[in-house]
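Novice: Supplied structure: structure.csv, CSV, C-alpha atoms.
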```
chain,number,residue,atom,x,y,z
A,310,MET,CA,160.0,-207.0,32.7
A,311,ALA,CA,160.1,-203.3,32.1
A,312,GLU,CA,162.7,-202.2,29.6
A,313,ILE,CA,162.6,-198.4,30.2
A,314,HIS,CA,163.6,-196.9,33.6
A,315,LEU,CA,164.4,-193.4,34.7
A,316,ASP,CA,168.0,-194.1,33.8
A,317,ASP,CA,167.1,-194.5,30.1
A,318,LEU,CA,165.5,-191.1,29.8
A,319,ALA,CA,167.6,-188.0,29.1
A,320,PRO,CA,166.8,-184.3,28.3
A,321,GLY,CA,166.5,-183.7,24.6
A,322,GLN,CA,165.3,-187.2,23.7
A,323,ILE,CA,162.3,-187.3,21.3
A,324,HIS,CA,160.0,-190.3,21.5
A,325,HIS,CA,157.6,-190.9,18.6
A,326,LEU,CA,154.4,-192.6,19.9
A,327,GLY,CA,152.5,-193.4,16.7
A,328,ARG,CA,149.2,-192.1,15.2
A,329,ARG,CA,145.5,-192.6,15.2
A,330,THR,CA,142.6,-191.4,13.0
A,331,LEU,CA,139.5,-190.1,14.8
A,332,GLY,CA,136.2,-191.0,13.2
A,333,ARG,CA,132.9,-189.0,13.5
A,334,ASP,CA,131.2,-191.8,15.5
A,335,GLU,CA,134.0,-192.1,18.0
A,336,ILE,CA,134.0,-188.3,18.5
A,337,VAL,CA,130.3,-188.3,19.2
A,338,ALA,CA,130.4,-191.4,21.5
A,339,PHE,CA,133.2,-189.9,23.6
A,340,ALA,CA,131.3,-186.6,23.9
A,341,ARG,CA,128.1,-188.4,24.8
A,342,ASP,CA,129.8,-190.0,27.8
A,343,TRP,CA,132.1,-187.2,29.0
A,344,ASP,CA,131.5,-183.8,27.3
A,345,PRO,CA,128.0,-183.5,25.8
A,346,GLN,CA,128.3,-180.0,24.4
A,347,PRO,CA,126.5,-179.3,21.2
A,348,PHE,CA,129.6,-178.7,19.0
A,349,HIS,CA,130.9,-182.2,20.0
A,350,LEU,CA,127.6,-184.0,19.5
A,351,ASP,CA,125.5,-182.6,16.7
A,352,GLU,CA,126.5,-181.6,13.1
A,353,ALA,CA,123.8,-178.9,12.7
A,354,ALA,CA,124.6,-177.2,16.1
A,355,ALA,CA,128.3,-177.5,15.4
A,356,SER,CA,127.9,-175.9,11.9
A,357,ALA,CA,126.1,-172.9,13.5
A,358,SER,CA,128.9,-172.6,16.2
A,359,ILE,CA,132.1,-170.7,16.1
A,360,TYR,CA,133.8,-173.9,15.0
A,361,GLY,CA,131.8,-174.3,11.8
A,362,GLY,CA,131.5,-178.0,12.2
A,363,LEU,CA,131.8,-181.0,14.6
A,364,ILE,CA,135.0,-181.0,16.7
A,365,ALA,CA,136.3,-183.6,19.2
A,366,SER,CA,136.2,-182.9,22.9
A,367,GLY,CA,139.6,-181.6,24.1
A,368,TRP,CA,139.6,-184.4,26.6
A,369,HIS,CA,139.1,-186.9,23.8
A,370,THR,CA,142.2,-185.6,22.2
A,371,VAL,CA,144.1,-185.9,25.5
A,372,CYS,CA,142.8,-189.5,26.0
A,373,VAL,CA,144.0,-190.4,22.5
A,374,PHE,CA,147.4,-189.0,23.4
A,375,MET,CA,147.4,-191.0,26.6
A,376,ARG,CA,146.6,-194.3,24.8
A,377,LEU,CA,149.4,-193.7,22.3
A,378,PHE,CA,151.7,-192.9,25.2
A,379,VAL,CA,150.9,-196.2,26.9
A,380,ASP,CA,151.1,-198.2,23.7
A,381,GLY,CA,154.2,-196.5,22.5
A,382,LEU,CA,156.3,-196.1,25.7
A,383,LEU,CA,154.7,-196.5,29.1
A,384,GLY,CA,153.7,-200.1,28.5
A,385,ARG,CA,157.4,-201.1,28.3
A,386,ALA,CA,158.4,-198.8,31.2
A,387,ALA,CA,158.7,-199.0,35.0
A,388,ALA,CA,156.2,-196.1,35.3
A,389,LEU,CA,154.5,-195.2,38.6
A,390,GLY,CA,151.9,-192.7,37.6
A,391,SER,CA,151.8,-188.9,37.5
A,392,PRO,CA,151.3,-186.1,40.1
A,393,GLY,CA,150.0,-183.7,37.5
A,394,ILE,CA,150.4,-181.7,34.3
A,395,ASP,CA,150.9,-178.0,33.4
A,396,GLU,CA,150.3,-175.7,30.4
A,397,LEU,CA,147.8,-177.8,28.6
A,398,ARG,CA,146.7,-176.1,25.4
A,399,TRP,CA,144.2,-177.1,22.7
A,400,LEU,CA,145.8,-175.2,19.8
A,401,LYS,CA,143.5,-176.2,16.9
A,402,PRO,CA,140.2,-178.0,16.7
A,403,VAL,CA,140.3,-181.7,15.9
A,404,ARG,CA,137.7,-182.7,13.3
A,405,PRO,CA,136.3,-186.1,12.1
A,406,GLY,CA,138.8,-187.8,9.9
A,407,ASP,CA,141.9,-186.1,11.4
A,408,THR,CA,144.9,-188.3,11.9
A,409,LEU,CA,146.8,-187.4,15.1
A,410,GLU,CA,150.4,-188.2,15.7
A,411,ALA,CA,151.9,-188.1,19.2
A,412,ARG,CA,155.4,-187.4,20.4
A,413,LEU,CA,157.2,-186.7,23.6
A,414,GLU,CA,160.2,-184.6,24.4
A,415,VAL,CA,162.1,-185.3,27.6
A,416,LEU,CA,162.7,-181.9,29.3
A,417,GLU,CA,164.2,-182.9,32.6
A,418,VAL,CA,165.1,-186.0,34.6
A,419,ARG,CA,165.1,-185.6,38.4
A,420,PRO,CA,166.0,-188.5,40.7
A,421,SER,CA,164.2,-188.3,44.0
A,422,ARG,CA,166.3,-187.3,47.0
A,423,SER,CA,164.1,-189.0,49.6
A,424,LYS,CA,163.3,-192.2,47.5
A,425,PRO,CA,166.4,-193.4,45.7
A,426,ASP,CA,164.5,-196.1,43.8
A,427,ARG,CA,162.6,-193.5,41.6
A,428,GLY,CA,162.4,-190.1,40.2
A,429,ILE,CA,160.3,-187.6,38.2
A,430,VAL,CA,160.6,-187.0,34.5
A,431,ARG,CA,159.3,-183.8,33.0
A,432,LEU,CA,158.0,-184.3,29.4
A,433,ARG,CA,156.5,-182.1,26.7
A,434,SER,CA,153.6,-183.9,25.1
A,435,VAL,CA,152.6,-182.9,21.6
A,436,MET,CA,150.0,-184.0,19.1
A,437,VAL,CA,150.0,-182.9,15.5
A,438,ASN,CA,147.4,-183.4,12.8
A,439,GLN,CA,147.9,-184.6,9.2
A,440,ASP,CA,148.8,-181.0,8.2
A,441,HIS,CA,151.6,-181.0,10.8
A,442,GLU,CA,149.7,-178.4,12.9
A,443,GLU,CA,150.0,-178.8,16.6
A,444,VAL,CA,146.6,-179.5,18.0
A,445,LEU,CA,147.5,-180.3,21.6
A,446,SER,CA,150.5,-179.5,23.9
A,447,PHE,CA,151.1,-180.1,27.6
A,448,VAL,CA,153.9,-180.6,30.0
A,449,GLY,CA,153.5,-183.7,32.1
A,450,ASN,CA,155.3,-185.1,35.1
A,451,VAL,CA,155.7,-188.9,35.3
A,452,MET,CA,157.3,-191.0,38.0
A,453,PHE,CA,159.7,-193.8,36.9
A,454,ARG,CA,161.6,-196.4,38.8
A,455,ARG,CA,165.4,-196.4,38.6
A,456,ARG,CA,167.1,-199.5,37.2
A,457,GLU,CA,168.1,-201.8,40.1
A,458,THR,CA,171.8,-201.9,40.7
A,459,ARG,CA,173.3,-205.0,42.4
A,460,ALA,CA,175.2,-204.5,45.5
A,461,ASP,CA,177.6,-207.4,44.9
B,324,MET,CA,118.1,-170.7,25.3
B,325,ALA,CA,121.2,-170.5,27.4
B,326,GLU,CA,120.7,-169.0,30.8
B,327,ILE,CA,124.3,-168.4,31.9
B,328,HIS,CA,126.4,-165.8,30.0
B,329,LEU,CA,129.8,-164.2,30.8
B,330,ASP,CA,127.8,-161.4,32.5
B,331,ASP,CA,126.4,-163.9,35.1
B,332,LEU,CA,129.9,-165.0,36.3
B,333,ALA,CA,131.9,-163.1,38.9
B,334,PRO,CA,135.1,-163.7,40.9
B,335,GLY,CA,134.5,-165.5,44.2
B,336,GLN,CA,131.4,-167.4,43.0
B,337,ILE,CA,131.3,-171.1,44.0
B,338,HIS,CA,129.3,-173.4,41.8
B,339,HIS,CA,128.5,-176.9,43.1
B,340,LEU,CA,128.3,-179.4,40.3
B,341,GLY,CA,127.0,-182.6,41.9
B,342,ARG,CA,128.6,-185.9,42.6
B,343,ARG,CA,129.2,-189.4,41.1
B,344,THR,CA,130.4,-192.7,42.5
B,345,LEU,CA,133.0,-194.7,40.5
B,346,GLY,CA,132.6,-198.4,40.4
B,347,ARG,CA,135.4,-201.0,39.8
B,348,ASP,CA,134.0,-202.0,36.4
B,349,GLU,CA,133.8,-198.4,35.1
B,350,ILE,CA,137.4,-197.8,36.3
B,351,VAL,CA,138.7,-200.8,34.4
B,352,ALA,CA,136.6,-200.1,31.3
B,353,PHE,CA,137.9,-196.6,31.0
B,354,ALA,CA,141.5,-197.7,31.6
B,355,ARG,CA,141.2,-200.4,28.9
B,356,ASP,CA,140.2,-197.8,26.4
B,357,TRP,CA,142.5,-194.9,27.3
B,358,ASP,CA,145.1,-195.7,29.9
B,359,PRO,CA,145.9,-199.4,30.1
B,360,GLN,CA,148.5,-199.3,32.9
B,361,PRO,CA,148.5,-202.3,35.3
B,362,PHE,CA,147.5,-200.3,38.4
B,363,HIS,CA,144.3,-199.2,36.6
B,364,LEU,CA,143.4,-202.6,35.1
B,365,ASP,CA,144.3,-205.5,37.3
B,366,GLU,CA,143.7,-206.0,41.1
B,367,ALA,CA,146.7,-208.2,41.6
B,368,ALA,CA,149.2,-205.9,39.8
B,369,ALA,CA,147.6,-202.9,41.5
B,370,SER,CA,148.0,-204.5,45.0
B,371,ALA,CA,151.7,-205.1,44.3
B,372,SER,CA,152.2,-201.5,43.1
B,373,ILE,CA,153.0,-198.4,45.1
B,374,TYR,CA,149.2,-197.7,45.3
B,375,GLY,CA,148.4,-200.9,47.1
B,376,GLY,CA,145.2,-201.5,45.1
B,377,LEU,CA,143.3,-200.5,42.0
B,378,ILE,CA,143.1,-196.8,41.2
B,379,ALA,CA,141.2,-194.9,38.5
B,380,SER,CA,143.2,-193.3,35.7
B,381,GLY,CA,143.7,-189.6,36.4
B,382,TRP,CA,142.1,-188.9,33.0
B,383,HIS,CA,139.0,-190.8,34.1
B,384,THR,CA,138.8,-188.5,37.2
B,385,VAL,CA,139.1,-185.5,34.9
B,386,CYS,CA,136.4,-186.8,32.5
B,387,VAL,CA,134.1,-187.4,35.5
B,388,PHE,CA,134.7,-183.8,36.5
B,389,MET,CA,134.0,-182.6,32.9
B,390,ARG,CA,130.7,-184.5,32.7
B,391,LEU,CA,129.6,-183.0,36.1
B,392,PHE,CA,130.6,-179.6,34.8
B,393,VAL,CA,128.4,-180.0,31.6
B,394,ASP,CA,125.5,-181.4,33.5
B,395,GLY,CA,125.8,-178.9,36.4
B,396,LEU,CA,126.5,-175.7,34.5
B,397,LEU,CA,127.8,-175.7,30.9
B,398,GLY,CA,124.7,-177.3,29.6
B,399,ARG,CA,122.7,-174.2,30.6
B,400,ALA,CA,125.5,-171.8,29.5
B,401,ALA,CA,126.5,-170.0,26.3
B,402,ALA,CA,129.9,-171.6,26.4
B,403,LEU,CA,132.3,-171.7,23.4
B,404,GLY,CA,135.0,-174.1,24.4
B,405,SER,CA,138.3,-173.8,26.1
B,406,PRO,CA,141.8,-172.8,25.0
B,407,GLY,CA,143.5,-174.8,27.8
B,408,ILE,CA,144.1,-175.5,31.4
B,409,ASP,CA,146.9,-175.1,33.9
B,410,GLU,CA,148.2,-176.6,37.1
B,411,LEU,CA,146.4,-179.9,36.9
B,412,ARG,CA,147.2,-182.0,40.0
B,413,TRP,CA,146.1,-185.5,41.0
B,414,LEU,CA,146.3,-185.1,44.7
B,415,LYS,CA,145.1,-188.4,46.0
B,416,PRO,CA,144.3,-191.8,44.3
B,417,VAL,CA,140.7,-192.4,43.4
B,418,ARG,CA,139.6,-196.0,44.3
B,419,PRO,CA,136.6,-198.2,43.4
B,420,GLY,CA,133.5,-197.0,45.4
B,421,ASP,CA,134.8,-193.5,45.9
B,422,THR,CA,132.1,-190.8,45.6
B,423,LEU,CA,133.5,-187.7,43.9
B,424,GLU,CA,132.0,-184.2,44.3
B,425,ALA,CA,132.8,-181.4,41.9
B,426,ARG,CA,132.9,-177.7,42.4
B,427,LEU,CA,134.1,-174.6,40.5
B,428,GLU,CA,135.4,-171.3,41.8
B,429,VAL,CA,135.3,-168.3,39.5
B,430,LEU,CA,138.7,-166.7,39.7
B,431,GLU,CA,138.6,-164.0,37.0
B,432,VAL,CA,136.2,-162.8,34.3
B,433,ARG,CA,137.9,-161.1,31.3
B,434,PRO,CA,135.8,-159.7,28.5
B,435,SER,CA,137.6,-159.9,25.1
B,436,ARG,CA,138.9,-156.6,23.7
B,437,SER,CA,138.9,-157.7,20.1
B,438,LYS,CA,135.5,-159.6,20.2
B,439,PRO,CA,132.9,-157.7,22.2
B,440,ASP,CA,130.4,-160.6,22.1
B,441,ARG,CA,132.5,-162.9,24.3
B,442,GLY,CA,135.2,-163.3,27.0
B,443,ILE,CA,137.3,-165.8,29.0
B,444,VAL,CA,136.5,-167.0,32.5
B,445,ARG,CA,139.3,-168.4,34.6
B,446,LEU,CA,138.0,-171.1,36.9
B,447,ARG,CA,139.5,-173.3,39.7
B,448,SER,CA,138.1,-176.8,39.3
B,449,VAL,CA,138.1,-179.1,42.3
B,450,MET,CA,137.0,-182.6,43.0
B,451,VAL,CA,136.8,-184.0,46.6
B,452,ASN,CA,136.1,-187.6,47.7
B,453,GLN,CA,133.7,-188.8,50.4
B,454,ASP,CA,136.3,-188.0,53.1
B,455,HIS,CA,136.4,-184.3,51.9
B,456,GLU,CA,139.9,-184.8,50.6
B,457,GLU,CA,140.8,-183.0,47.3
B,458,VAL,CA,141.6,-185.6,44.7
B,459,LEU,CA,141.8,-183.3,41.6
B,460,SER,CA,142.5,-179.6,41.1
B,461,PHE,CA,143.1,-177.6,38.0
B,462,VAL,CA,142.7,-174.0,36.7
B,463,GLY,CA,140.7,-173.9,33.5
B,464,ASN,CA,139.9,-171.2,31.0
B,465,VAL,CA,136.5,-171.3,29.3
B,466,MET,CA,135.1,-168.9,26.7
B,467,PHE,CA,131.5,-167.6,27.3
B,468,ARG,CA,129.3,-165.4,25.2
B,469,ARG,CA,128.1,-162.1,26.6
B,470,ARG,CA,124.4,-161.5,27.0
B,471,GLU,CA,123.0,-159.7,24.0
B,472,THR,CA,122.0,-156.1,24.6
B,473,ARG,CA,119.3,-154.6,22.5
B,474,ALA,CA,120.2,-151.4,20.6
B,475,ASP,CA,116.6,-150.0,20.7
```
If you convert what's in this file into structure tokens, what do you get?
Specialist:
Amino acid sequence: MAEIHLDDLAPGQIHHLGRRTLGRDEIVAFARDWDPQPFHLDEAAASASIYGGLIASGWHTVCVFMRLFVDGLLGRAAALGSPGIDELRWLKPVRPGDTLEARLEVLEVRPSRSKPDRGIVRLRSVMVNQDHEEVLSFVGNVMFRRRETRAD
Amino acid sequence: MAEIHLDDLAPGQIHHLGRRTLGRDEIVAFARDWDPQPFHLDEAAASASIYGGLIASGWHTVCVFMRLFVDGLLGRAAALGSPGIDELRWLKPVRPGDTLEARLEVLEVRPSRSKPDRGIVRLRSVMVNQDHEEVLSFVGNVMFRRRETRAD
């Protein structure tokens, strides 16, 4: 049974979602599948690039955030998917060995007018590295069910 | 040698990036790694959900777009990465067996004032399914190098 419903979320809440360290092999494997650009794949090419060394695909960083979000909150929530996100920024390169820590800030909770069993929550998603620098930020919209109320 | 530089891109251009069919096993494997929500993992749970059946993670759809983008254009371009994206929308669910076709529209080409060797290109990224329905849309910013000019 889901513990977290729309009714449990309120603007200003901060949810800490845990952390994960990205190794070199994982960075290269992800890039090989989804984003095979030289600065994600090959140390020599990456060293000669504007990044000065291997960096993770921005989509890899986003996927790591998503997994931490599911493990840290969505997996216990009555969540119904997302219509989209806004203002996604890759603020700093992510390099092999970086430890990324994810957190969510609830910006807005909007019950649906047409569907009283659900609503949309607007969330700021942030990932910081071990030096407390933000590496990723975006604003996401996620649908959640409302808690059922009994009509006794 | 890269064929495509900032100078080769102009507002209004449409670039067709090819297509890819998503199988059930690939959808489940991606979700297991990055987005393990029931409607991406399990047919029975997905059938009981608001989606009425298994759907791909929205991040999977984005990753498929990215791979088509690299194979269809970036791999031949002097591209330097991306500072971010805006207005990402998952417009329709993607289901097992769907064939997705990616295209890019160049919206704006902005040479850098501070770094004359590069600039930012604003691109609308779209993916449609086999019924010509848009399933994904976002506006991305990508840095490209300018073509070198000889100072003879």
Novice: How close does each residue of chain A get to chain B, giving the shortest atom pair and distance in Å to one decimal for every residue with an atom at most 10 Å away, counting all atoms listed in the file, sorted by chain and residue number, as a tab-separated table?
Specialist:
```
residue	atom	partner	partner_atom	distance
A:Phe339	CA	B:Cys386	CA	10.0
A:Ala340	CA	B:Arg390	CA	9.1
A:Arg341	CA	B:Arg390	CA	9.2
A:Asp342	CA	B:Arg390	CA	7.4
A:Trp343	CA	B:Arg390	CA	4.8
A:Asp344	CA	B:Arg390	CA	5.5
A:Pro345	CA	B:Val393	CA	6.8
A:Gln346	CA	B:Gly398	CA	6.9
A:Pro347	CA	B:Gly398	CA	8.8
A:Phe348	CA	B:Leu403	CA	8.7
A:Ser358	CA	B:Leu403	CA	8.0
A:Ile359	CA	B:Leu403	CA	7.4
A:Tyr360	CA	B:Leu403	CA	8.8
A:Ser366	CA	B:Gly404	CA	9.0
A:Gly367	CA	B:Ser405	CA	8.2
A:Trp368	CA	B:Cys386	CA	7.1
A:His369	CA	B:Cys386	CA	9.1
A:Val371	CA	B:Trp382	CA	8.3
A:Cys372	CA	B:Trp357	CA	5.6
A:Val373	CA	B:Trp357	CA	6.7
A:Phe374	CA	B:Trp357	CA	8.6
A:Met375	CA	B:Asp358	CA	6.2
A:Arg376	CA	B:Trp357	CA	4.8
A:Leu377	CA	B:Trp357	CA	8.6
A:Phe378	CA	B:Asp358	CA	8.6
A:Val379	CA	B:Asp358	CA	6.5
A:Asp380	CA	B:Pro359	CA	8.3
A:Leu383	CA	B:Gln360	CA	7.8
A:Gly384	CA	B:Gln360	CA	6.9
A:Ala388	CA	B:Gln360	CA	8.7
A:Leu389	CA	B:Ile373	CA	7.4
A:Gly390	CA	B:Gln360	CA	8.8
A:Ser391	CA	B:Trp413	CA	7.5
A:Pro392	CA	B:Trp413	CA	5.3
A:Gly393	CA	B:Arg412	CA	4.1
A:Ile394	CA	B:Leu411	CA	5.1
A:Asp395	CA	B:Glu410	CA	4.8
A:Glu396	CA	B:Asp409	CA	4.9
A:Leu397	CA	B:Ile408	CA	5.2
A:Arg398	CA	B:Gly407	CA	4.2
A:Trp399	CA	B:Pro406	CA	5.4
A:Leu400	CA	B:Pro406	CA	7.0
A:Lys401	CA	B:Pro406	CA	8.9
A:Pro402	CA	B:Pro406	CA	9.9
A:Leu445	CA	B:Gly407	CA	9.2
A:Ser446	CA	B:Gly407	CA	9.3
A:Phe447	CA	B:Asp409	CA	9.1
A:Val448	CA	B:Asp409	CA	9.7
A:Gly449	CA	B:Leu411	CA	9.4
A:Asn450	CA	B:Arg412	CA	10.0
```
Novice: Find the distance between CA of Ala311 (chain A) and CA of Ala411 (chain A) and write it in Å to one decimal.
Specialist: 21.6 Å
Novice: In Å, how far is it from CA of Leu446 (chain B) to CA of Val403 (chain A)?
Specialist: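 Computing the Euclidean distance for CA of Leu446 (chain B) and CA of Val403 (chain A) yields 23.6 Å.
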Novice: Go ahead and compute the interatomic distance for CA of Ala352 (chain B) and CA of Ala367 (chain B), in Å to one decimal.
Specialist: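 Pair CA of Ala352 (chain B) / CA of Ala367 (chain B) returns 16.5 Å.
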Novice: So, with all atoms listed in the file as the atoms that count, which of A:Arg455, A:Arg412, A:Arg427, A:His441 lies closest to Gln322 (chain A)?
Specialist: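 Using all atoms listed in the file, the shortest distance to Gln322 (chain A) belongs to A:Arg412.
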Novice: At a cut-off of 10 Å around the point (136.3, -192.1, 13.1) (file coordinates), what residues fall inside when counting only C-alpha atoms? I'd like the answer as a list in words.
Specialist: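 Final list of nearby residues, as requested, is Arg329, Thr330, Leu331, Gly332, Arg333, Asp334, Glu335, Ile336, Val337, Arg404, Pro405, Gly406, Asp407 and Thr408 of chain A.
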Novice: Do a neighbour search on Gly442 (chain B) at 8 Å with all atoms listed in the file, toss out local chain neighbours closer than 3 positions, and write the hits as a short mmCIF file (atom, residue, chain, number, x, y, z; two decimals) with C-alpha atoms, in the coordinates of the input.
Specialist:
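Produced file result_31.cif, reproduced below:
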```cif
data_model
loop_
_atom_site.label_atom_id
_atom_site.label_comp_id
_atom_site.auth_asym_id
_atom_site.auth_seq_id
_atom_site.Cartn_x
_atom_site.Cartn_y
_atom_site.Cartn_z
CA LEU B 329 129.80 -164.20 30.80
CA VAL B 432 136.20 -162.80 34.30
CA ARG B 433 137.90 -161.10 31.30
CA PRO B 434 135.80 -159.70 28.50
CA SER B 435 137.60 -159.90 25.10
CA LYS B 438 135.50 -159.60 20.20
CA PRO B 439 132.90 -157.70 22.20
CA MET B 466 135.10 -168.90 26.70
CA PHE B 467 131.50 -167.60 27.30
CA ARG B 468 129.30 -165.40 25.20
CA ARG B 469 128.10 -162.10 26.60
#
```
